[in-house]
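Shown next, in structure tokens, is the structure this report addresses.
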Amino acid sequence: MDIGVIGCGYVGLVTGACLAELGHSVICVDSNDRKIEMLKMLKPPIYEPGLSTLLEKNKKRLTFTTKISDAVKGAPVIFIAVGTPSKGSGDADLSQVENVVSEIAGCMDSYRLIVEKSTVPVQTGMKIKSVMEMRVKGIPFDVASNPEFLREGTAIDDFLHPDRVVIGVETGKAKDIMKKIYEPISAPIIFTDIKSAEIIKHASNSFLATKISFINAVSIVCELAGANVEEVARGMGLDRRIGDRFLNAGVGFGGSCFPKDISAFRRISDKLGYKFNLLKETERINELIKKKFVEKMEEVLWNLNGKIIGVLGLAFKPNTDDMRSAPSIDIINGLLEDGARVVAYDPVAMGNAKEVLPEIDYKNDIYEVANGADCLVILTEWDVFRNMDIQKVKNLLKTPIIFDGRNIFEREKMEELGFIYIGVGV
């Protein structure tokens with residue numbers, strides 16, 4: 001099929017490339033001239049494993065443009081994958097969605113299926129439909145919701161081999177078109193009404209974030225009681241009703257999805273008449289766990305003023321360069337406020353990190369960070385950190401102290417090697 005994808009960010013670009021991999025011809029649109037020029041040269045403007053290969057493989061089925069009209073005139077199905085950032089109030093900012101819908105309506109001359117791919121609050125589909133009805137007279141159209149469940153770092157595999165595909169539709173025609181698009185995918189396709197599909201996305205992310213905050217709250221209790229959260233999580237996770245995923249205690253969640261989606265789901269729930277206080281507590285715990293991590297450093301190092309703190313990992317998770325809402329930002333800013341000097345390394349995120357953390361010193365590798373530092377802090381669980389030469393690191397550090405915000409090492413082994421080791425809940 002011919003498909004248009006508007007927005008070439010993490011979601012839109014992966015969606016476009018994967019739809020091409022499924023055999024469709026895809027017109028990808030973005031308002032950023034520089035981004036489109038890079039994509040025409042098959043250079044992705046974001047870091048995502050396997051994306052460059054996928055773009056090269058499907059270059060004959062991919063077109064890149066800055067004009068929405070090119071996509072609307074060239075494709076009967078238009079996916080909207082633009083940003084929906086949080087406002088100061090916590091509401092999702094849907095202005096980009098509205099602008100795109102208005103422009104689509106202005107270019108239409110025959111039937112189009114408009115598909116929400118961006119994460120949006122429930123009832124957004126109704127608003128899209130209302131805008132379309134006001135702006136197109138006598139031209140048929142449908143609206144559908146097809147929320148994404150892509151994890152940065154594994155987004156391509158998540159798209160091509162998903163747990164499920166969720167699609168909200170109102171008509172048989174829209175259902176048939178969406179079924180055809182996803183026909184090559186071997187996974188359950190869940191068809192619902194549009195409002196239910198919108199809630200599935202927000203409810204899923206909010207539940208996972210709550211699971212993370214729950215185990216982080218348990219980690220605080222473990223530290224107070226002298227227990228080990230890793231053993232507690234293992235004992236919980238073997239219960240099939242609970243499962244072991246998202247039970248890794250650490251310095252909290254970040255990224256472009258969980259913080260934004262929790263906030264938006266809580267706000268739309270408030271507006272609908274329900275105070276979703278569970279989500280408010282999820283947010284509070286996520287902030288608390290970062291503050292407590294800095295407090296541990298203050299306790300062990302006594303005075304942070306003038307201390308050199310070596311930080312490994314800046315991205316909010318491994319295998320991405322995304323710094324949006326990364327826990328490293330709040331933790332490092334807390335260290336800087338206490339007068340510490342921070343030196344840091346991340347395998348791919350330092351370019352983006354320099355924009356939000358310009359005050360710190362960036363190094364070329366793990367060992368430059370460790371050299372002369374008063375301690376080492378691990379904030380992102382990159383494999384390269386798990387496999388570093390730990391004895392070399394010990395020899396380079398001024399004092400052999402590691403604050404492990406992701407529990408990538410075992411405390412007993414690190415203490416046997418002569419380290420003062422402080423993890424989360426262990």
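A note on labels: chains of the structure tokens are A, B, ... as shown, every chain counts residues from 1, and ligands are counted from 1 in their shown order.
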
Using only C-alpha atoms, what table do you get, as a tab-separated table, when you list each residue of stretch 182-251 of chain A with an atom no more than 7 Å from stretch 278-302 of chain A, its nearest pair of atoms, and their distance in Å rounded to one decimal, rows by chain then rising number?
```
residue	atom	partner	partner_atom	distance
A:Thr210	CA	A:Thr282	CA	5.4
A:Ser213	CA	A:Thr282	CA	5.6
A:Asn216	CA	A:Ile289	CA	6.9
A:Ala217	CA	A:Ile285	CA	6.7
A:Val251	CA	A:Lys290	CA	5.4
```

Selection to disk with N, CA and C atoms, as a PDB file, in the first residue's frame:
```
ATOM      1  N   THR A 210       4.386   2.466  37.135  1.00  0.00           N
ATOM      2  CA  THR A 210       3.987   2.204  38.515  1.00  0.00           C
ATOM      3  C   THR A 210       4.721   0.986  39.065  1.00  0.00           C
ATOM      4  N   SER A 213       8.179   2.203  39.992  1.00  0.00           N
ATOM      5  CA  SER A 213       8.160   2.975  41.239  1.00  0.00           C
ATOM      6  C   SER A 213       7.874   2.082  42.440  1.00  0.00           C
ATOM      7  N   ASN A 216      11.060   0.414  43.401  1.00  0.00           N
ATOM      8  CA  ASN A 216      11.961   1.411  43.968  1.00  0.00           C
ATOM      9  C   ASN A 216      11.550   1.788  45.384  1.00  0.00           C
ATOM     10  N   ALA A 217      10.233   1.844  45.633  1.00  0.00           N
ATOM     11  CA  ALA A 217       9.766   2.074  47.000  1.00  0.00           C
ATOM     12  C   ALA A 217      10.155   0.898  47.890  1.00  0.00           C
ATOM     13  N   VAL A 251      17.600   4.123  39.781  1.00  0.00           N
ATOM     14  CA  VAL A 251      17.427   5.553  40.037  1.00  0.00           C
ATOM     15  C   VAL A 251      16.227   6.135  39.298  1.00  0.00           C
TER      16      VAL A 251
END
```

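The residue set within 7 Å of A:Ser219, counting only C-alpha atoms and dropping same-chain residues fewer than 4 places from it, reads A:Ile215, A:Glu223, A:Val229, A:Ala249, A:Val424, A:Gly425.
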
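For A:Lys43, the list of residues within 12 Å, based on only C-alpha atoms and with local chain neighbours fewer than 3 positions off taken out, reads Leu13, Arg34, Lys35, Ile36, Glu37, Met38, Leu39, Lys40, Ile46, Tyr47, Glu48, Gly50, Leu51, Ser52, Thr53, Leu54, Leu55, Glu56, Lys59 and Phe64 of chain A.
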
Those residues with N, CA and C atoms, as an mmCIF file, in the first residue's frame please?
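Written out: part22.cif:
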```cif
data_model
loop_
_atom_site.group_PDB
_atom_site.id
_atom_site.type_symbol
_atom_site.label_atom_id
_atom_site.label_comp_id
_atom_site.auth_asym_id
_atom_site.auth_seq_id
_atom_site.Cartn_x
_atom_site.Cartn_y
_atom_site.Cartn_z
ATOM 1 N N LEU A 13 9.897 7.810 12.379
ATOM 2 C CA LEU A 13 10.925 7.287 11.480
ATOM 3 C C LEU A 13 10.996 5.766 11.554
ATOM 4 N N ARG A 34 16.751 20.105 7.815
ATOM 5 C CA ARG A 34 18.030 19.412 8.005
ATOM 6 C C ARG A 34 17.806 17.913 8.193
ATOM 7 N N LYS A 35 16.778 17.569 8.958
ATOM 8 C CA LYS A 35 16.465 16.164 9.194
ATOM 9 C C LYS A 35 16.124 15.449 7.882
ATOM 10 N N ILE A 36 15.322 16.102 7.056
ATOM 11 C CA ILE A 36 14.927 15.487 5.786
ATOM 12 C C ILE A 36 16.125 15.351 4.854
ATOM 13 N N GLU A 37 17.003 16.329 4.845
ATOM 14 C CA GLU A 37 18.200 16.228 4.010
ATOM 15 C C GLU A 37 19.075 15.060 4.445
ATOM 16 N N MET A 38 19.207 14.868 5.751
ATOM 17 C CA MET A 38 19.970 13.717 6.257
ATOM 18 C C MET A 38 19.319 12.406 5.824
ATOM 19 N N LEU A 39 17.988 12.349 5.923
ATOM 20 C CA LEU A 39 17.287 11.111 5.588
ATOM 21 C C LEU A 39 17.349 10.812 4.094
ATOM 22 N N LYS A 40 17.385 11.840 3.276
ATOM 23 C CA LYS A 40 17.539 11.608 1.842
ATOM 24 C C LYS A 40 18.877 10.964 1.529
ATOM 25 N N ILE A 46 18.622 10.167 14.483
ATOM 26 C CA ILE A 46 18.555 9.626 15.837
ATOM 27 C C ILE A 46 19.368 8.342 15.894
ATOM 28 N N TYR A 47 19.745 7.948 17.109
ATOM 29 C CA TYR A 47 20.451 6.673 17.274
ATOM 30 C C TYR A 47 19.435 5.596 17.623
ATOM 31 N N GLU A 48 19.339 4.604 16.783
ATOM 32 C CA GLU A 48 18.499 3.436 17.046
ATOM 33 C C GLU A 48 19.152 2.245 16.357
ATOM 34 N N GLY A 50 20.149 -0.704 14.228
ATOM 35 C CA GLY A 50 19.562 -1.328 13.047
ATOM 36 C C GLY A 50 18.820 -0.388 12.121
ATOM 37 N N LEU A 51 18.641 0.871 12.520
ATOM 38 C CA LEU A 51 17.838 1.784 11.701
ATOM 39 C C LEU A 51 18.541 2.150 10.395
ATOM 40 N N SER A 52 19.829 2.410 10.452
ATOM 41 C CA SER A 52 20.575 2.742 9.225
ATOM 42 C C SER A 52 20.464 1.617 8.203
ATOM 43 N N THR A 53 20.622 0.396 8.664
ATOM 44 C CA THR A 53 20.530 -0.774 7.778
ATOM 45 C C THR A 53 19.151 -0.878 7.158
ATOM 46 N N LEU A 54 18.121 -0.634 7.951
ATOM 47 C CA LEU A 54 16.743 -0.732 7.469
ATOM 48 C C LEU A 54 16.440 0.343 6.427
ATOM 49 N N LEU A 55 16.950 1.549 6.641
ATOM 50 C CA LEU A 55 16.744 2.624 5.667
ATOM 51 C C LEU A 55 17.418 2.282 4.341
ATOM 52 N N GLU A 56 18.632 1.787 4.415
ATOM 53 C CA GLU A 56 19.366 1.420 3.198
ATOM 54 C C GLU A 56 18.668 0.281 2.471
ATOM 55 N N LYS A 59 15.366 1.635 0.688
ATOM 56 C CA LYS A 59 15.440 2.983 0.125
ATOM 57 C C LYS A 59 14.540 3.182 -1.092
ATOM 58 N N PHE A 64 11.313 10.931 1.294
ATOM 59 C CA PHE A 64 11.373 11.902 2.387
ATOM 60 C C PHE A 64 11.091 13.293 1.853
#
```

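Residues of stretch 187-221 of chain A carrying a DSSP assignment of helix (DSSP H, G or I), computed from the backbone, are Ile194, Lys195, Ser196, Ala197, Glu198, Ile199, Ile200, Lys201, His202, Ala203, Ser204, Asn205, Ser206, Phe207, Leu208, Ala209, Thr210, Lys211, Ile212, Ser213, Phe214, Ile215, Asn216, Ala217, Val218, Ser219, Ile220 and Val221 of chain A.
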
Which residue, A:Phe403, A:Phe276, A:Trp382, A:Phe253, has the smallest gap to A:Val311 when you use only C-alpha atoms?
A:Phe403
